[in-house]
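Enquirer: What follows is a structure written as structure tokens; I'll ask about it next.
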Amino acid sequence: MAVADVAPVRGSEFSILMRRVRAAGLLDRRVRYYVWASALTAAAFVAGWVVFVLLGDTWWQLAVGAFLALVFAQIAFLGHDAGHKQIFASRRANYRYGLIAGNLAIGLSIGWWTSNHNRHHAHPNTEGADPDAMGVLAFSGERARAGRGIRRLIFRYQAWLFFPMLFLEGGSLHRASVRAVLRWPIPNRVLEGALLATHAAAYLGTVFLVLPPGKALAFIAVQQGLWGFYMGCTFAPNHKGMAVLPEGDNTDFLRRQVLTSRNVRGGAMTDLGLGGLNYQIEHHLFPSMPRPNLVRAQPIVAGFCAEIGVPYHETGLFESYAEAMAHLDEVGRQASLRPA
């Protein structure tokens, strides 16, 4: 999708859309929804660990690990919403919620995630600005051709390596959290570090007290691997295969968010399974919009994009993976070419 082919920038368009969304009450808080979602998720979290302790020394614990991987992802979705200030009006309340959901429950630094993710939201799919576009994968031919050594090899076969690499995502999130607490100037580093350490001690202590070393390591591999795989599968449809913007691009906010994002069609199960990230266009346009309001915002945003002639891309879940992998494969093939 070429950005140069879109209509010229009109700065007032997003203001018009914002007024329509605000008039529909879609930026209003939905605290009751989050109370119920938090209670049910916390109950599943506690139930999973109670079953783990009661089962004791058995290979059936791997099934518990798979269940807790799903629960960890749902907690991460709630932490994501808190990081975007979707739950409470107060910044402090959202941050405290994020500390509990992220640092303490699943071992993910809310300070690191918020800083990193806000950079992504400001410049999605933008070379040199979006941290998600500067990771282990190449989103553009220029980056693929610039790769050297093992990085070039990964770029070349990234479409084939993508899903296997997702099993390492959980460990990557933990490492990034610890590194940020030790090295980044994030607020409340001591508190964040203490909560991460508490999570690690409680998690590892429980697992190794209940299971012998071999089974404990197998449980951790399954639980953390499936959690990372699940998280990666929810991220994959969002931007991969959509417009990639060059460094320094000055496309207006509305077009920058819409052209680089993809929605995924589906019903309530898709909304639950993807944590509301299937409404990626609406989420990028209105990051603080509570998750349950995204479905109501979707027809308003799609209709407005049709009015102003901005392409609005929505597809099914499996089609989104096919598009993303086809793009990664196309870009990866360029890794074998010499840079100009």
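Going through the structure tokens in order, the chains are called A, B, and so on, while each chain numbers its residues from 1 and the ligands are numbered from 1 in the order shown.
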With a cut-off of 12 Å, could you pull out the residues of region 66-165 of chain A touching region 312-324 of chain A and give me the nearest pair of atoms for each, distance in Å to one decimal, using only C-alpha atoms, ordered by chain and ascending number, as JSON lines?
Expert:
```
{"residue": "A:Leu137", "atom": "CA", "partner": "A:Ala324", "partner_atom": "CA", "distance": 11.9}
{"residue": "A:Ala138", "atom": "CA", "partner": "A:Ala324", "partner_atom": "CA", "distance": 11.9}
{"residue": "A:Phe139", "atom": "CA", "partner": "A:Ala324", "partner_atom": "CA", "distance": 9.9}
{"residue": "A:Gln158", "atom": "CA", "partner": "A:Ala324", "partner_atom": "CA", "distance": 11.1}
{"residue": "A:Ala159", "atom": "CA", "partner": "A:Ala324", "partner_atom": "CA", "distance": 8.6}
{"residue": "A:Trp160", "atom": "CA", "partner": "A:Ala324", "partner_atom": "CA", "distance": 11.7}
{"residue": "A:Phe162", "atom": "CA", "partner": "A:Ala324", "partner_atom": "CA", "distance": 10.2}
{"residue": "A:Phe163", "atom": "CA", "partner": "A:Tyr321", "partner_atom": "CA", "distance": 10.4}
```
Enquirer: Find the residues around region 109-120 of chain A up to 7 Å (only C-alpha atoms counted), leave out those fewer than 2 positions away in its own chain, and share them as a list in words.
Expert: Gly83, Gly98, Leu99, Gly102, Asn103, Gly107, Ala122, His123, Pro124, Asp130, Pro131, Asp132, Ser177, Ala180, Ile186, Pro187 and Glu192 of chain A
Enquirer: How close does region 156-206 of chain A get to region 69-81 of chain A? List, as a tab-separated table, each residue of region 156-206 of chain A within 12 Å, its nearest atom pair and the distance in Å to one decimal, counting only C-alpha atoms.
Expert:
```
residue	atom	partner	partner_atom	distance
A:Phe167	CA	A:Ala69	CA	11.4
A:Glu169	CA	A:Ala73	CA	11.9
A:Gly170	CA	A:Ala69	CA	9.8
A:Leu173	CA	A:Ala76	CA	11.2
```
Enquirer: Kindly save the residues from that selection, with C-alpha atoms included, as an mmCIF file, in the first residue's frame.
Expert:
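Heads up, here's the output in again.cif:
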```cif
data_model
loop_
_atom_site.group_PDB
_atom_site.id
_atom_site.type_symbol
_atom_site.label_atom_id
_atom_site.label_comp_id
_atom_site.auth_asym_id
_atom_site.auth_seq_id
_atom_site.Cartn_x
_atom_site.Cartn_y
_atom_site.Cartn_z
ATOM 1 C CA PHE A 167 7.707 -19.415 21.755
ATOM 2 C CA GLU A 169 8.511 -14.118 23.286
ATOM 3 C CA GLY A 170 7.693 -14.665 26.968
ATOM 4 C CA LEU A 173 9.435 -9.777 27.592
#
```
Enquirer: Which residues are near region 22-34 of chain A? Cut-off 7 Å, only C-alpha atoms, ignore same chain within fewer than 3 positions. Put them as a PDB file with all heavy atoms, in the first residue's frame.
Expert:
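That gives us part_33.pdb:
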```
ATOM      1  N   MET A  18     -13.248  12.803  15.903  1.00  0.00           N
ATOM      2  CA  MET A  18     -13.218  12.848  17.361  1.00  0.00           C
ATOM      3  C   MET A  18     -14.545  13.357  17.921  1.00  0.00           C
ATOM      4  O   MET A  18     -15.071  12.811  18.900  1.00  0.00           O
ATOM      5  CB  MET A  18     -12.063  13.735  17.838  1.00  0.00           C
ATOM      6  CG  MET A  18     -12.057  14.020  19.337  1.00  0.00           C
ATOM      7  SD  MET A  18     -11.720  12.555  20.338  1.00  0.00           S
ATOM      8  CE  MET A  18      -9.920  12.553  20.280  1.00  0.00           C
ATOM      9  N   ARG A  19     -15.111  14.382  17.307  1.00  0.00           N
ATOM     10  CA  ARG A  19     -16.391  14.911  17.796  1.00  0.00           C
ATOM     11  C   ARG A  19     -17.494  13.860  17.678  1.00  0.00           C
ATOM     12  O   ARG A  19     -18.341  13.749  18.568  1.00  0.00           O
ATOM     13  CB  ARG A  19     -16.761  16.177  17.024  1.00  0.00           C
ATOM     14  CG  ARG A  19     -15.940  17.403  17.406  1.00  0.00           C
ATOM     15  CD  ARG A  19     -16.583  18.695  16.910  1.00  0.00           C
ATOM     16  NE  ARG A  19     -16.575  18.783  15.456  1.00  0.00           N
ATOM     17  CZ  ARG A  19     -15.591  19.321  14.751  1.00  0.00           C
ATOM     18  NH1 ARG A  19     -14.509  19.793  15.366  1.00  0.00           N
ATOM     19  NH2 ARG A  19     -15.665  19.400  13.432  1.00  0.00           N
ATOM     20  N   ALA A  37     -14.217  -7.920  34.486  1.00  0.00           N
ATOM     21  CA  ALA A  37     -13.125  -8.565  33.751  1.00  0.00           C
ATOM     22  C   ALA A  37     -11.952  -8.875  34.671  1.00  0.00           C
ATOM     23  O   ALA A  37     -11.351  -9.963  34.602  1.00  0.00           O
ATOM     24  CB  ALA A  37     -12.672  -7.678  32.595  1.00  0.00           C
ATOM     25  N   SER A  38     -11.635  -7.937  35.554  1.00  0.00           N
ATOM     26  CA  SER A  38     -10.527  -8.142  36.484  1.00  0.00           C
ATOM     27  C   SER A  38     -10.845  -9.253  37.473  1.00  0.00           C
ATOM     28  O   SER A  38      -9.987 -10.090  37.779  1.00  0.00           O
ATOM     29  CB  SER A  38     -10.223  -6.844  37.232  1.00  0.00           C
ATOM     30  OG  SER A  38      -9.878  -5.807  36.343  1.00  0.00           O
ATOM     31  N   GLN A  86      -7.184   3.400  29.960  1.00  0.00           N
ATOM     32  CA  GLN A  86      -8.552   3.090  29.556  1.00  0.00           C
ATOM     33  C   GLN A  86      -9.461   2.784  30.747  1.00  0.00           C
ATOM     34  O   GLN A  86     -10.681   2.891  30.626  1.00  0.00           O
ATOM     35  CB  GLN A  86      -8.561   1.863  28.621  1.00  0.00           C
ATOM     36  CG  GLN A  86      -7.874   2.074  27.296  1.00  0.00           C
ATOM     37  CD  GLN A  86      -7.877   0.816  26.443  1.00  0.00           C
ATOM     38  OE1 GLN A  86      -8.619  -0.123  26.708  1.00  0.00           O
ATOM     39  NE2 GLN A  86      -7.043   0.782  25.425  1.00  0.00           N
ATOM     40  N   ILE A  87      -8.890   2.409  31.874  1.00  0.00           N
ATOM     41  CA  ILE A  87      -9.710   1.876  32.976  1.00  0.00           C
ATOM     42  C   ILE A  87     -10.185   2.987  33.897  1.00  0.00           C
ATOM     43  O   ILE A  87     -11.394   3.129  34.140  1.00  0.00           O
ATOM     44  CB  ILE A  87      -8.906   0.822  33.763  1.00  0.00           C
ATOM     45  CG1 ILE A  87      -8.466  -0.302  32.813  1.00  0.00           C
ATOM     46  CG2 ILE A  87      -9.752   0.265  34.902  1.00  0.00           C
ATOM     47  CD1 ILE A  87      -7.614  -1.374  33.468  1.00  0.00           C
ATOM     48  N   PHE A  88      -9.267   3.785  34.422  1.00  0.00           N
ATOM     49  CA  PHE A  88      -9.603   4.840  35.370  1.00  0.00           C
ATOM     50  C   PHE A  88      -9.287   6.211  34.773  1.00  0.00           C
ATOM     51  O   PHE A  88      -8.484   6.329  33.852  1.00  0.00           O
ATOM     52  CB  PHE A  88      -8.812   4.663  36.674  1.00  0.00           C
ATOM     53  CG  PHE A  88      -8.977   3.317  37.315  1.00  0.00           C
ATOM     54  CD1 PHE A  88      -7.950   2.377  37.271  1.00  0.00           C
ATOM     55  CD2 PHE A  88     -10.148   2.986  37.968  1.00  0.00           C
ATOM     56  CE1 PHE A  88      -8.089   1.141  37.861  1.00  0.00           C
ATOM     57  CE2 PHE A  88     -10.300   1.742  38.557  1.00  0.00           C
ATOM     58  CZ  PHE A  88      -9.274   0.816  38.506  1.00  0.00           C
ATOM     59  N   MET A 289      -9.564   4.878  24.554  1.00  0.00           N
ATOM     60  CA  MET A 289     -10.952   4.398  24.488  1.00  0.00           C
ATOM     61  C   MET A 289     -11.047   3.039  25.178  1.00  0.00           C
ATOM     62  O   MET A 289     -10.303   2.114  24.849  1.00  0.00           O
ATOM     63  CB  MET A 289     -11.418   4.269  23.035  1.00  0.00           C
ATOM     64  CG  MET A 289     -12.849   3.751  22.906  1.00  0.00           C
ATOM     65  SD  MET A 289     -13.366   3.574  21.185  1.00  0.00           S
ATOM     66  CE  MET A 289     -13.482   5.312  20.696  1.00  0.00           C
ATOM     67  N   PRO A 290     -11.955   2.868  26.138  1.00  0.00           N
ATOM     68  CA  PRO A 290     -12.100   1.574  26.802  1.00  0.00           C
ATOM     69  C   PRO A 290     -12.366   0.456  25.804  1.00  0.00           C
ATOM     70  O   PRO A 290     -13.079   0.641  24.815  1.00  0.00           O
ATOM     71  CB  PRO A 290     -13.300   1.789  27.736  1.00  0.00           C
ATOM     72  CG  PRO A 290     -13.306   3.256  27.992  1.00  0.00           C
ATOM     73  CD  PRO A 290     -12.851   3.890  26.719  1.00  0.00           C
ATOM     74  N   ASN A 293     -15.764  -0.381  24.167  1.00  0.00           N
ATOM     75  CA  ASN A 293     -16.356   0.628  23.279  1.00  0.00           C
ATOM     76  C   ASN A 293     -15.812   0.553  21.852  1.00  0.00           C
ATOM     77  O   ASN A 293     -16.364   1.179  20.943  1.00  0.00           O
ATOM     78  CB  ASN A 293     -16.093   2.038  23.830  1.00  0.00           C
ATOM     79  CG  ASN A 293     -16.904   2.321  25.081  1.00  0.00           C
ATOM     80  OD1 ASN A 293     -17.819   1.578  25.409  1.00  0.00           O
ATOM     81  ND2 ASN A 293     -16.565   3.387  25.774  1.00  0.00           N
ATOM     82  N   ALA A 297     -17.290   1.816  18.120  1.00  0.00           N
ATOM     83  CA  ALA A 297     -16.600   2.856  17.358  1.00  0.00           C
ATOM     84  C   ALA A 297     -16.296   2.394  15.931  1.00  0.00           C
ATOM     85  O   ALA A 297     -16.173   3.236  15.027  1.00  0.00           O
ATOM     86  CB  ALA A 297     -15.297   3.241  18.059  1.00  0.00           C
TER      87      ALA A 297
END
```
Enquirer: Expressed in Å to a single decimal, how great is the separation between CA of Ser15 (chain A) and CA of Arg255 (chain A)?
Expert: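 Separation between CA of Ser15 (chain A) and CA of Arg255 (chain A): 13.0 Å.
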Enquirer: So which residues of region 33-270 of chain A fall under alpha helix (DSSP H) by DSSP, listed as a PyMOL selection string?
Expert: chain A and resi 33-55+61-83+91-98+110-122+141-146+149-156+158-166+169-183+189-210+213-239+253-259+268-270
Enquirer: So that I can check the secondary structure, give me every residue of region 104-280 of chain A assigned strand (DSSP E or B) by backbone DSSP, as number ranges by chain.
Expert: A: 126, 245, 263-264
Enquirer: Output as CSV one row per residue of region 223-309 of chain A within 12 Å of region 57-62 of chain A: the closest atom pair and its distance in Å to one decimal place, counting only C-alpha atoms, sorted by chain and residue number ascending.
Expert:
```
residue,atom,partner,partner_atom,distance
A:Gln223,CA,A:Leu62,CA,7.6
A:Gln224,CA,A:Leu62,CA,11.1
A:Gly225,CA,A:Leu62,CA,11.5
A:Leu226,CA,A:Leu62,CA,10.7
```
Enquirer: Which residue is closest to Asn263 (chain A)? Choose from A:His283, A:Leu245, A:Phe208, A:Asn250 and count only C-alpha atoms.
Expert: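 Closest to Asn263 (chain A) of all the choices is A:His283.
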Enquirer: For Gly309 (chain A), which residue among A:Ala216, A:Val46, A:Val258, A:Met242 is the nearest when counting only C-alpha atoms?
Expert: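 For Gly309 (chain A), the nearest of the given residues is A:Val258.
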Enquirer: Please identify all polymer residues within 10 Å of Asp249 (chain A), counting only C-alpha atoms, omitting same-chain residues fewer than 4 positions from it, and present them as a ChimeraX atom specification.
Expert: /A:3,123,126-127,129,245,256
Enquirer: Just to be explicit: take each residue in the selection above, keep N, CA, C and O atoms, and write the result as a short mmCIF file (atom, residue, chain, number, x, y, z; two decimals), in the first residue's frame.
Expert:
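Below is the file again-v4.cif, written as the result:
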```
data_model
loop_
_atom_site.label_atom_id
_atom_site.label_comp_id
_atom_site.auth_asym_id
_atom_site.auth_seq_id
_atom_site.Cartn_x
_atom_site.Cartn_y
_atom_site.Cartn_z
N VAL A 3 1.68 5.08 0.47
CA VAL A 3 1.15 6.26 1.15
C VAL A 3 0.98 7.41 0.17
O VAL A 3 0.09 8.24 0.30
N HIS A 123 4.39 6.35 16.18
CA HIS A 123 4.95 6.19 14.83
C HIS A 123 4.81 4.74 14.38
O HIS A 123 5.82 4.05 14.16
N THR A 126 6.88 2.80 11.27
CA THR A 126 7.75 3.85 10.73
C THR A 126 9.21 3.48 10.98
O THR A 126 9.62 3.26 12.13
N GLU A 127 9.98 3.38 9.91
CA GLU A 127 11.39 3.03 10.02
C GLU A 127 12.13 4.04 10.91
O GLU A 127 11.95 5.24 10.77
N ALA A 129 11.68 4.78 13.94
CA ALA A 129 10.91 5.40 15.03
C ALA A 129 10.06 4.39 15.80
O ALA A 129 9.88 4.53 17.01
N LEU A 245 6.16 3.18 6.68
CA LEU A 245 6.48 4.59 6.42
C LEU A 245 7.97 4.83 6.57
O LEU A 245 8.61 4.28 7.47
N ARG A 256 -1.83 8.11 9.18
CA ARG A 256 -0.72 7.32 9.72
C ARG A 256 -1.23 6.12 10.51
O ARG A 256 -0.71 5.01 10.40
#
```
Enquirer: Just to confirm, what's the straight-line distance from CA of Trp49 (chain A) to CA of Arg189 (chain A) in Å (one decimal)?
Expert: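 Between CA of Trp49 (chain A) and CA of Arg189 (chain A) the gap is 28.1 Å.
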Enquirer: Please measure the separation of CA of Gly232 (chain A) and CA of Leu166 (chain A), giving the value in Å to one decimal.
Expert: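 Going from CA of Gly232 (chain A) over to CA of Leu166 (chain A) covers 5.7 Å.
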Enquirer: Would you mind listing what lies within 10 Å of region 333-336 of chain A as a list of chain:residue names, with only C-alpha atoms counted and same-chain residues fewer than 6 positions away left out?
Expert: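 Using only C-alpha atoms, the neighbours found are A:Ala138, A:Ser140, A:Gly141, A:Glu142, A:Arg143, A:Ala144, A:Arg145, A:Ala146, A:Gly147, A:Arg148, A:Arg151, A:Arg152, A:Leu153, A:Ile154, A:Phe155, A:Arg156, A:Tyr157, A:Gln158, A:Ala159.
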Enquirer: Export, as a compact mmCIF listing (two decimals), in the first residue's frame, the selected residues with C-alpha atoms.
Expert:
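Generated file (part_15.txt):
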```
# COMPACT_ATOMS: atom_id res chain seq x y z
CA ALA A 138 12.44 -6.72 8.80
CA SER A 140 10.88 -3.25 4.66
CA GLY A 141 13.17 -4.31 1.85
CA GLU A 142 15.68 -1.61 2.81
CA ARG A 143 16.12 -3.06 6.28
CA ALA A 144 16.26 -6.62 4.95
CA ARG A 145 19.03 -5.73 2.50
CA ALA A 146 20.98 -3.91 5.21
CA GLY A 147 21.09 -7.01 7.45
CA ARG A 148 24.41 -8.72 8.12
CA ARG A 151 20.44 -11.07 11.26
CA ARG A 152 20.40 -11.33 7.47
CA LEU A 153 19.78 -15.09 7.74
CA ILE A 154 16.81 -14.47 10.05
CA PHE A 155 15.46 -11.79 7.72
CA ARG A 156 15.76 -14.15 4.74
CA TYR A 157 13.67 -16.88 6.39
CA GLN A 158 11.59 -14.72 8.73
CA ALA A 159 8.25 -15.89 7.36
```
